[in-house]
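Structure file entry-v1.pdb (PDB, C-alpha atoms, pLDDT in the B column) is printed below.
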ATOM      1  CA  MET H   1      22.007 -17.741 -29.323  1.00 51.00           C
ATOM      2  CA  THR H   2      18.343 -16.824 -29.112  1.00 53.00           C
ATOM      3  CA  MET H   3      17.039 -13.691 -27.382  1.00 53.00           C
ATOM      4  CA  LYS H   4      15.523 -15.773 -24.563  1.00 49.00           C
ATOM      5  CA  MET H   5      18.784 -17.645 -23.967  1.00 50.00           C
ATOM      6  CA  LYS H   6      20.697 -14.355 -23.837  1.00 50.00           C
ATOM      7  CA  ALA H   7      18.207 -12.956 -21.342  1.00 51.00           C
ATOM      8  CA  CYS H   8      18.545 -15.961 -19.046  1.00 48.00           C
ATOM      9  CA  LEU H   9      22.347 -15.822 -19.240  1.00 48.00           C
ATOM     10  CA  MET H  10      22.463 -12.108 -18.414  1.00 50.00           C
ATOM     11  CA  ALA H  11      20.025 -12.559 -15.546  1.00 48.00           C
ATOM     12  CA  LEU H  12      22.296 -15.180 -14.018  1.00 45.00           C
ATOM     13  CA  CYS H  13      25.511 -13.227 -14.555  1.00 45.00           C
ATOM     14  CA  TYR H  14      24.437  -9.764 -13.497  1.00 46.00           C
ATOM     15  CA  GLY H  15      22.182 -10.381 -10.544  1.00 45.00           C
ATOM     16  CA  ALA H  16      18.801  -9.541 -11.947  1.00 41.00           C
ATOM     17  CA  VAL H  17      15.887  -9.947  -9.602  1.00 39.00           C
ATOM     18  CA  THR H  18      15.350 -13.704  -9.702  1.00 38.00           C
ATOM     19  CA  THR H  19      14.323 -14.483  -6.144  1.00 38.00           C
ATOM     20  CA  SER H  20      10.680 -14.376  -5.187  1.00 39.00           C
ATOM     21  CA  ALA H  21       9.742 -11.678  -2.717  1.00 39.00           C
ATOM     22  CA  PHE H  22       8.214 -14.383  -0.583  1.00 40.00           C
ATOM     23  CA  SER H  23      11.260 -16.605  -0.049  1.00 37.00           C
ATOM     24  CA  PRO H  24      12.582 -15.979   3.478  1.00 35.00           C
ATOM     25  CA  ALA H  25      16.353 -15.998   3.969  1.00 36.00           C
ATOM     26  CA  VAL H  26      16.262 -18.910   6.451  1.00 35.00           C
ATOM     27  CA  SER H  27      16.026 -22.127   4.479  1.00 32.00           C
ATOM     28  CA  SER H  28      14.092 -23.991   7.173  1.00 32.00           C
ATOM     29  CA  ASN H  29      11.329 -21.395   6.877  1.00 34.00           C
ATOM     30  CA  ARG H  30      11.162 -21.445   3.086  1.00 33.00           C
ATOM     31  CA  ILE H  31       7.624 -21.422   1.748  1.00 34.00           C
ATOM     32  CA  SER H  32       6.886 -24.496  -0.317  1.00 33.00           C
ATOM     33  CA  THR H  33       5.549 -24.398  -3.842  1.00 33.00           C
ATOM     34  CA  GLN H  34       2.441 -26.129  -2.596  1.00 39.00           C
ATOM     35  CA  LEU H  35       1.834 -23.305  -0.116  1.00 41.00           C
ATOM     36  CA  LEU H  36       2.077 -20.642  -2.817  1.00 42.00           C
ATOM     37  CA  ALA H  37      -0.316 -22.593  -5.005  1.00 43.00           C
ATOM     38  CA  ASN H  38      -2.879 -23.182  -2.255  1.00 50.00           C
ATOM     39  CA  PRO H  39      -5.062 -20.185  -1.303  1.00 46.00           C
ATOM     40  CA  LEU H  40      -5.874 -21.720   2.102  1.00 45.00           C
ATOM     41  CA  SER H  41      -2.184 -22.198   2.851  1.00 51.00           C
ATOM     42  CA  ARG H  42      -1.509 -18.616   1.827  1.00 56.00           C
ATOM     43  CA  ARG H  43      -4.130 -17.374   4.246  1.00 53.00           C
ATOM     44  CA  GLY H  44      -2.588 -19.521   6.967  1.00 54.00           C
ATOM     45  CA  TRP H  45       0.831 -18.079   6.220  1.00 50.00           C
ATOM     46  CA  PHE H  46      -0.474 -14.526   6.592  1.00 54.00           C
ATOM     47  CA  GLN H  47      -2.231 -15.434   9.823  1.00 50.00           C
ATOM     48  CA  THR H  48       0.939 -17.034  11.195  1.00 49.00           C
ATOM     49  CA  GLY H  49       2.985 -13.974  10.283  1.00 51.00           C
ATOM     50  CA  ALA H  50       0.515 -11.631  11.931  1.00 47.00           C
ATOM     51  CA  ALA H  51       0.403 -13.769  15.071  1.00 45.00           C
ATOM     52  CA  ALA H  52       4.203 -13.837  15.286  1.00 44.00           C
ATOM     53  CA  VAL H  53       4.385 -10.059  15.098  1.00 42.00           C
ATOM     54  CA  THR H  54       1.716  -9.712  17.787  1.00 40.00           C
ATOM     55  CA  ILE H  55       3.563 -12.041  20.144  1.00 39.00           C
ATOM     56  CA  ALA H  56       6.831 -10.301  19.449  1.00 39.00           C
ATOM     57  CA  THR H  57       5.304  -6.891  20.086  1.00 38.00           C
ATOM     58  CA  LEU H  58       3.914  -7.987  23.438  1.00 43.00           C
ATOM     59  CA  GLY H  59       6.912  -9.964  24.594  1.00 43.00           C
ATOM     60  CA  SER H  60       9.967  -8.162  23.261  1.00 39.00           C
ATOM     61  CA  SER H  61      11.161  -4.620  22.722  1.00 41.00           C
ATOM     62  CA  SER H  62      13.994  -5.719  20.454  1.00 39.00           C
ATOM     63  CA  PRO H  63      14.382  -3.527  17.324  1.00 40.00           C
ATOM     64  CA  VAL H  64      14.776  -6.735  15.292  1.00 37.00           C
ATOM     65  CA  TRP H  65      11.037  -7.311  15.587  1.00 36.00           C
ATOM     66  CA  ALA H  66      10.328  -3.802  14.365  1.00 41.00           C
ATOM     67  CA  ALA H  67      12.103  -4.653  11.102  1.00 48.00           C
ATOM     68  CA  ALA H  68       9.859  -7.720  10.733  1.00 67.00           C
ATOM     69  CA  GLY H  69       6.674  -5.679  11.076  1.00 91.00           C
ATOM     70  CA  PRO H  70       4.239  -4.589   8.372  1.00 94.00           C
ATOM     71  CA  PRO H  71       5.119  -2.077   5.645  1.00 95.00           C
ATOM     72  CA  SER H  72       5.483   1.472   6.938  1.00 95.00           C
ATOM     73  CA  GLN H  73       4.057   4.630   5.416  1.00 96.00           C
ATOM     74  CA  ALA H  74       7.556   5.330   4.093  1.00 96.00           C
ATOM     75  CA  ASP H  75       7.457   1.948   2.345  1.00 97.00           C
ATOM     76  CA  PHE H  76       4.123   2.773   0.738  1.00 97.00           C
ATOM     77  CA  LYS H  77       5.475   6.142  -0.401  1.00 97.00           C
ATOM     78  CA  ARG H  78       8.388   4.344  -2.049  1.00 97.00           C
ATOM     79  CA  ILE H  79       5.940   2.181  -3.979  1.00 98.00           C
ATOM     80  CA  GLN H  80       3.951   5.239  -5.022  1.00 98.00           C
ATOM     81  CA  ALA H  81       7.075   7.130  -6.118  1.00 98.00           C
ATOM     82  CA  GLY H  82       8.358   4.102  -8.003  1.00 98.00           C
ATOM     83  CA  TYR H  83       5.055   3.617  -9.779  1.00 98.00           C
ATOM     84  CA  THR H  84       4.951   7.293 -10.755  1.00 98.00           C
ATOM     85  CA  GLY H  85       8.454   6.958 -12.140  1.00 98.00           C
ATOM     86  CA  ILE H  86       7.573   3.925 -14.258  1.00 98.00           C
ATOM     87  CA  VAL H  87       4.513   5.692 -15.684  1.00 98.00           C
ATOM     88  CA  TYR H  88       6.675   8.703 -16.526  1.00 98.00           C
ATOM     89  CA  LEU H  89       9.268   6.462 -18.189  1.00 98.00           C
ATOM     90  CA  LEU H  90       6.641   4.823 -20.399  1.00 98.00           C
ATOM     91  CA  ASP H  91       5.042   8.172 -21.287  1.00 98.00           C
ATOM     92  CA  ASN H  92       8.437   9.628 -22.223  1.00 97.00           C
ATOM     93  CA  TRP H  93      10.190   6.494 -23.438  1.00 97.00           C
ATOM     94  CA  ASP H  94      12.115   7.904 -26.407  1.00 95.00           C
ATOM     95  CA  LYS H  95      13.211  10.989 -24.491  1.00 95.00           C
ATOM     96  CA  GLU H  96      14.327   9.087 -21.394  1.00 96.00           C
ATOM     97  CA  THR H  97      16.179   6.412 -23.357  1.00 95.00           C
ATOM     98  CA  THR H  98      18.054   8.844 -25.599  1.00 93.00           C
ATOM     99  CA  THR H  99      21.262  10.644 -24.651  1.00 89.00           C
ATOM    100  CA  CYS H 100      22.984  13.324 -26.697  1.00 87.00           C
ATOM    101  CA  ARG H 101      26.450  14.793 -26.520  1.00 79.00           C
ATOM    102  CA  ASP H 102      26.815  18.395 -25.439  1.00 72.00           C
ATOM    103  CA  ASN H 103      26.580  21.220 -27.962  1.00 68.00           C
ATOM    104  CA  GLY H 104      24.282  19.395 -30.327  1.00 66.00           C
ATOM    105  CA  GLY H 105      26.438  16.309 -30.660  1.00 71.00           C
ATOM    106  CA  GLU H 106      25.433  12.818 -31.727  1.00 82.00           C
ATOM    107  CA  CYS H 107      22.472  11.222 -29.977  1.00 88.00           C
ATOM    108  CA  LYS H 108      22.119   7.533 -29.194  1.00 89.00           C
ATOM    109  CA  ARG H 109      19.674   5.260 -27.442  1.00 90.00           C
ATOM    110  CA  ASP H 110      20.567   4.324 -23.893  1.00 91.00           C
ATOM    111  CA  ALA H 111      18.850   1.670 -21.734  1.00 92.00           C
ATOM    112  CA  GLU H 112      20.512   2.707 -18.470  1.00 92.00           C
ATOM    113  CA  PRO H 113      17.537   4.869 -17.338  1.00 94.00           C
ATOM    114  CA  VAL H 114      15.270   1.818 -17.631  1.00 96.00           C
ATOM    115  CA  ARG H 115      17.243  -0.033 -14.979  1.00 94.00           C
ATOM    116  CA  ARG H 116      17.295   3.081 -12.803  1.00 95.00           C
ATOM    117  CA  TYR H 117      13.510   3.575 -12.899  1.00 97.00           C
ATOM    118  CA  LEU H 118      13.057  -0.094 -11.971  1.00 97.00           C
ATOM    119  CA  GLY H 119      15.241   0.307  -8.882  1.00 96.00           C
ATOM    120  CA  LEU H 120      18.154  -1.702 -10.231  1.00 94.00           C
ATOM    121  CA  ARG H 121      20.901   0.912 -10.150  1.00 92.00           C
ATOM    122  CA  TYR H 122      21.171   2.876  -6.910  1.00 94.00           C
ATOM    123  CA  THR H 123      20.157   2.369  -3.300  1.00 95.00           C
ATOM    124  CA  THR H 124      18.384   5.731  -3.431  1.00 95.00           C
ATOM    125  CA  ASP H 125      16.008   4.571  -6.186  1.00 96.00           C
ATOM    126  CA  PRO H 126      12.452   4.259  -4.771  1.00 97.00           C
ATOM    127  CA  LEU H 127      12.062   0.689  -6.005  1.00 97.00           C
ATOM    128  CA  PHE H 128      15.480  -0.526  -4.859  1.00 97.00           C
ATOM    129  CA  GLN H 129      14.943  -3.997  -3.345  1.00 96.00           C
ATOM    130  CA  ILE H 130      11.212  -3.292  -3.179  1.00 97.00           C
ATOM    131  CA  GLU H 131      10.590  -7.049  -2.911  1.00 95.00           C
ATOM    132  CA  LYS H 132      11.590  -6.734   0.752  1.00 95.00           C
ATOM    133  CA  VAL H 133       8.633  -4.421   1.252  1.00 96.00           C
ATOM    134  CA  PHE H 134       6.347  -6.934  -0.455  1.00 96.00           C
ATOM    135  CA  GLU H 135       7.604  -9.577   1.942  1.00 94.00           C
ATOM    136  CA  LYS H 136       6.478  -7.450   4.907  1.00 94.00           C
ATOM    137  CA  VAL H 137       2.899  -7.689   3.688  1.00 94.00           C
ATOM    138  CA  LYS H 138       2.559 -11.024   5.487  1.00 91.00           C
ATOM    139  CA  ASN H 139       2.636  -8.994   8.716  1.00 92.00           C
ATOM    140  CA  MET H 140      -0.292  -6.734   7.839  1.00 92.00           C
ATOM    141  CA  GLU H 141      -4.026  -7.181   7.440  1.00 90.00           C
ATOM    142  CA  ILE H 142      -5.072  -7.698   3.851  1.00 89.00           C
ATOM    143  CA  ASP H 143      -8.375  -8.666   2.264  1.00 91.00           C
ATOM    144  CA  PRO H 144      -8.293 -12.501   2.037  1.00 91.00           C
ATOM    145  CA  ASP H 145     -10.049 -12.284  -1.327  1.00 93.00           C
ATOM    146  CA  LYS H 146      -7.052 -10.374  -2.694  1.00 93.00           C
ATOM    147  CA  LEU H 147      -4.371 -12.836  -1.559  1.00 92.00           C
ATOM    148  CA  ASP H 148      -4.210 -14.832  -4.780  1.00 94.00           C
ATOM    149  CA  THR H 149      -4.128 -11.679  -6.872  1.00 96.00           C
ATOM    150  CA  PHE H 150      -1.388 -10.214  -4.678  1.00 96.00           C
ATOM    151  CA  PHE H 151       0.831 -13.310  -4.874  1.00 94.00           C
ATOM    152  CA  GLU H 152       0.393 -13.646  -8.626  1.00 96.00           C
ATOM    153  CA  ALA H 153       1.157  -9.961  -9.145  1.00 97.00           C
ATOM    154  CA  THR H 154       4.380 -10.117  -7.136  1.00 97.00           C
ATOM    155  CA  GLU H 155       5.495 -13.185  -9.086  1.00 97.00           C
ATOM    156  CA  ASP H 156       4.720 -11.414 -12.377  1.00 97.00           C
ATOM    157  CA  TRP H 157       6.555  -8.335 -11.092  1.00 97.00           C
ATOM    158  CA  ASN H 158       9.707 -10.326 -10.345  1.00 97.00           C
ATOM    159  CA  SER H 159       9.583 -11.970 -13.752  1.00 97.00           C
ATOM    160  CA  ALA H 160       9.076  -8.666 -15.585  1.00 97.00           C
ATOM    161  CA  ILE H 161      11.897  -6.968 -13.679  1.00 97.00           C
ATOM    162  CA  THR H 162      14.269  -9.858 -14.428  1.00 96.00           C
ATOM    163  CA  MET H 163      13.514  -9.832 -18.146  1.00 97.00           C
ATOM    164  CA  SER H 164      13.490  -6.044 -18.510  1.00 96.00           C
ATOM    165  CA  ASN H 165      16.815  -5.792 -16.689  1.00 94.00           C
ATOM    166  CA  SER H 166      18.343  -8.451 -18.940  1.00 94.00           C
ATOM    167  CA  MET H 167      17.035  -6.887 -22.158  1.00 95.00           C
ATOM    168  CA  ALA H 168      18.192  -3.419 -21.090  1.00 92.00           C
ATOM    169  CA  PHE H 169      21.655  -4.681 -20.226  1.00 90.00           C
ATOM    170  CA  ILE H 170      22.027  -6.477 -23.572  1.00 90.00           C
ATOM    171  CA  SER H 171      20.810  -3.338 -25.348  1.00 89.00           C
ATOM    172  CA  GLN H 172      23.534  -1.250 -23.738  1.00 82.00           C
ATOM    173  CA  PHE H 173      26.167  -3.377 -25.448  1.00 80.00           C
ATOM    174  CA  GLY H 174      24.210  -4.289 -28.581  1.00 70.00           C
ATOM    175  CA  GLU H 175      26.166  -1.902 -30.776  1.00 72.00           C
ATOM    176  CA  TYR H 176      29.498  -3.428 -29.852  1.00 66.00           C
ATOM    177  CA  ASN H 177      28.665  -7.143 -29.925  1.00 66.00           C
ATOM    178  CA  PRO H 178      29.624  -9.184 -33.007  1.00 68.00           C
ATOM    179  CA  GLY H 179      26.951  -8.663 -35.625  1.00 67.00           C
ATOM    180  CA  GLY H 180      25.477  -5.857 -33.541  1.00 68.00           C
ATOM    181  CA  GLY H 181      24.625  -2.276 -34.319  1.00 76.00           C
ATOM    182  CA  LYS H 182      21.980   0.340 -33.717  1.00 83.00           C
ATOM    183  CA  ASP H 183      19.254  -2.028 -34.860  1.00 85.00           C
ATOM    184  CA  GLU H 184      20.292  -4.505 -32.168  1.00 87.00           C
ATOM    185  CA  VAL H 185      20.218  -1.751 -29.552  1.00 89.00           C
ATOM    186  CA  LEU H 186      16.673  -0.834 -30.534  1.00 90.00           C
ATOM    187  CA  LYS H 187      15.520  -4.447 -30.705  1.00 92.00           C
ATOM    188  CA  TYR H 188      16.505  -5.238 -27.138  1.00 92.00           C
ATOM    189  CA  LEU H 189      15.381  -1.821 -25.915  1.00 95.00           C
ATOM    190  CA  ASP H 190      11.928  -2.522 -27.339  1.00 95.00           C
ATOM    191  CA  GLU H 191      11.893  -5.918 -25.629  1.00 96.00           C
ATOM    192  CA  SER H 192      12.800  -4.206 -22.372  1.00 96.00           C
ATOM    193  CA  LYS H 193       9.906  -1.777 -22.827  1.00 97.00           C
ATOM    194  CA  LYS H 194       7.441  -4.658 -23.200  1.00 97.00           C
ATOM    195  CA  GLN H 195       8.513  -5.926 -19.800  1.00 97.00           C
ATOM    196  CA  VAL H 196       8.300  -2.452 -18.248  1.00 98.00           C
ATOM    197  CA  ILE H 197       4.674  -2.292 -19.419  1.00 98.00           C
ATOM    198  CA  ILE H 198       4.026  -5.566 -17.592  1.00 98.00           C
ATOM    199  CA  ALA H 199       5.854  -4.256 -14.522  1.00 98.00           C
ATOM    200  CA  GLU H 200       3.675  -1.129 -14.469  1.00 98.00           C
ATOM    201  CA  ARG H 201       0.503  -3.198 -14.676  1.00 98.00           C
ATOM    202  CA  THR H 202       1.552  -5.651 -11.960  1.00 98.00           C
ATOM    203  CA  LEU H 203       2.735  -2.910  -9.615  1.00 98.00           C
ATOM    204  CA  ARG H 204      -0.622  -1.169 -10.036  1.00 98.00           C
ATOM    205  CA  THR H 205      -2.316  -4.451  -9.087  1.00 98.00           C
ATOM    206  CA  ILE H 206      -0.105  -4.799  -6.012  1.00 97.00           C
ATOM    207  CA  MET H 207      -0.987  -1.260  -4.983  1.00 97.00           C
ATOM    208  CA  ASP H 208      -4.675  -2.018  -5.377  1.00 96.00           C
ATOM    209  CA  CYS H 209      -4.336  -5.083  -3.143  1.00 96.00           C
ATOM    210  CA  LEU H 210      -2.614  -2.962  -0.490  1.00 96.00           C
ATOM    211  CA  ASP H 211      -5.052  -0.033  -0.852  1.00 95.00           C
ATOM    212  CA  VAL H 212      -2.176   2.218  -1.898  1.00 95.00           C
ATOM    213  CA  LYS H 213      -3.236   5.024  -4.217  1.00 92.00           C
ATOM    214  CA  PRO H 214      -1.154   5.733  -7.351  1.00 87.00           C
TER     215      PRO H 214
END
Final structure tokens representation of the file:
Amino acid sequence: MTMKMKACLMALCYGAVTTSAFSPAVSSNRISTQLLANPLSRRGWFQTGAAAVTIATLGSSSPVWAAAGPPSQADFKRIQAGYTGIVYLLDNWDKETTTCRDNGGECKRDAEPVRRYLGLRYTTDPLFQIEKVFEKVKNMEIDPDKLDTFFEATEDWNSAITMSNSMAFISQFGEYNPGGGKDEVLKYLDESKKQVIIAERTLRTIMDCLDVKP
């Protein structure tokens, strides 16, 4: 089985981030592929979202509408904290992906921190389900000239997170799989790092589109 096939299988089995941040839960409201590919349609979608929030704000005090509003300052701080964490992970990759037993015991490479920094482990992680924050962007004002860049960056983010999660998960069990060993652990850990680099770059682009400082 090739590395790519393994990654796809693990993504399907272990719930990696495979759903676009811009696919609403209600199927009748699902954004079509044509809409995502058409800049004019994207602008119309943002305008529709903003108009819906305005109407809801004027005509209803229901807390449900508050949840459908634009990203909050707390949301932006989560993005900033998550980005800082990813930069730290990349700058300290070997240290963060190495665990040693107490009292100077054996050390081994461990991909678990990778998944944690990407928000894939705990609900308290800054980037946990961060795609829901990206989805709120349709309810805020954003430079129309940055729409295409924003959409492409979020799509690249989702792809990078999916692949990095899959590679990290395979790496965690690489030593115990048939034909595996420490070399297999390192191989998939390195592949995971490549995707983290892409994730860092795309998240920085998203932040730029939203005027969020690193």
### Message
Which residues would end up in the selection if the PyMOL selection byres ((chain H and resi 157) around 10) were applied here, given that I need the answer as a ChimeraX atom specification?
### Response
/H:17,20-21,131,151-156,158-162,195-196,198-203,205-206
Counting all atoms listed in the file, what is within 12 Å of Lys187 of chain H, bar same-chain residues fewer than 6 positions away, as a compact mmCIF listing (two decimals) with C-alpha atoms, keeping the file's coordinate frame?
# COMPACT_ATOMS: atom_id res chain seq x y z
CA MET H 3 17.04 -13.69 -27.38
CA ARG H 109 19.67 5.26 -27.44
CA ALA H 111 18.85 1.67 -21.73
CA MET H 167 17.04 -6.89 -22.16
CA ALA H 168 18.19 -3.42 -21.09
CA ILE H 170 22.03 -6.48 -23.57
CA SER H 171 20.81 -3.34 -25.35
CA GLN H 172 23.53 -1.25 -23.74
CA PHE H 173 26.17 -3.38 -25.45
CA GLY H 174 24.21 -4.29 -28.58
CA GLU H 175 26.17 -1.90 -30.78
CA GLY H 180 25.48 -5.86 -33.54
CA GLY H 181 24.62 -2.28 -34.32
CA LYS H 193 9.91 -1.78 -22.83
CA LYS H 194 7.44 -4.66 -23.20
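Counting from atom CA of Phe169 of chain H, the distance to atom CA of Trp93 of chain H is 16.3 Å.
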Enclose all atoms of segment 191-209 of chain H listed in the file in an axis-aligned box, grow every side by 6 Å, and hand back centre and edge lengths in Å to one decimal, as JSON.
{"center_x": 4.1, "center_y": -3.5, "center_z": -14.4, "size_x": 29.5, "size_y": 16.8, "size_z": 34.5}
### Query
Any chance you could work out the residue set of the PyMOL selection byres ((chain H and resi 94) around 12) here, as a ChimeraX atom specification?
/H:88-93,95-99,107-111,113-114,186,189-190,193
### Query
Could you work out how far atom CA of Ala81 of chain H lies from atom CA of Asp125 of chain H, giving the answer in Å with one decimal?
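Interatomic distance here is 9.3 Å.
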### Query
Hey, which of H:Gly105, H:Gly82, H:Pro214, H:Pro70 ends up closest to Val133 of chain H? Count all atoms listed in the file.
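Of H:Gly105, H:Gly82, H:Pro214, H:Pro70, the one nearest Val133 of chain H, counting all atoms listed in the file, is H:Pro70.
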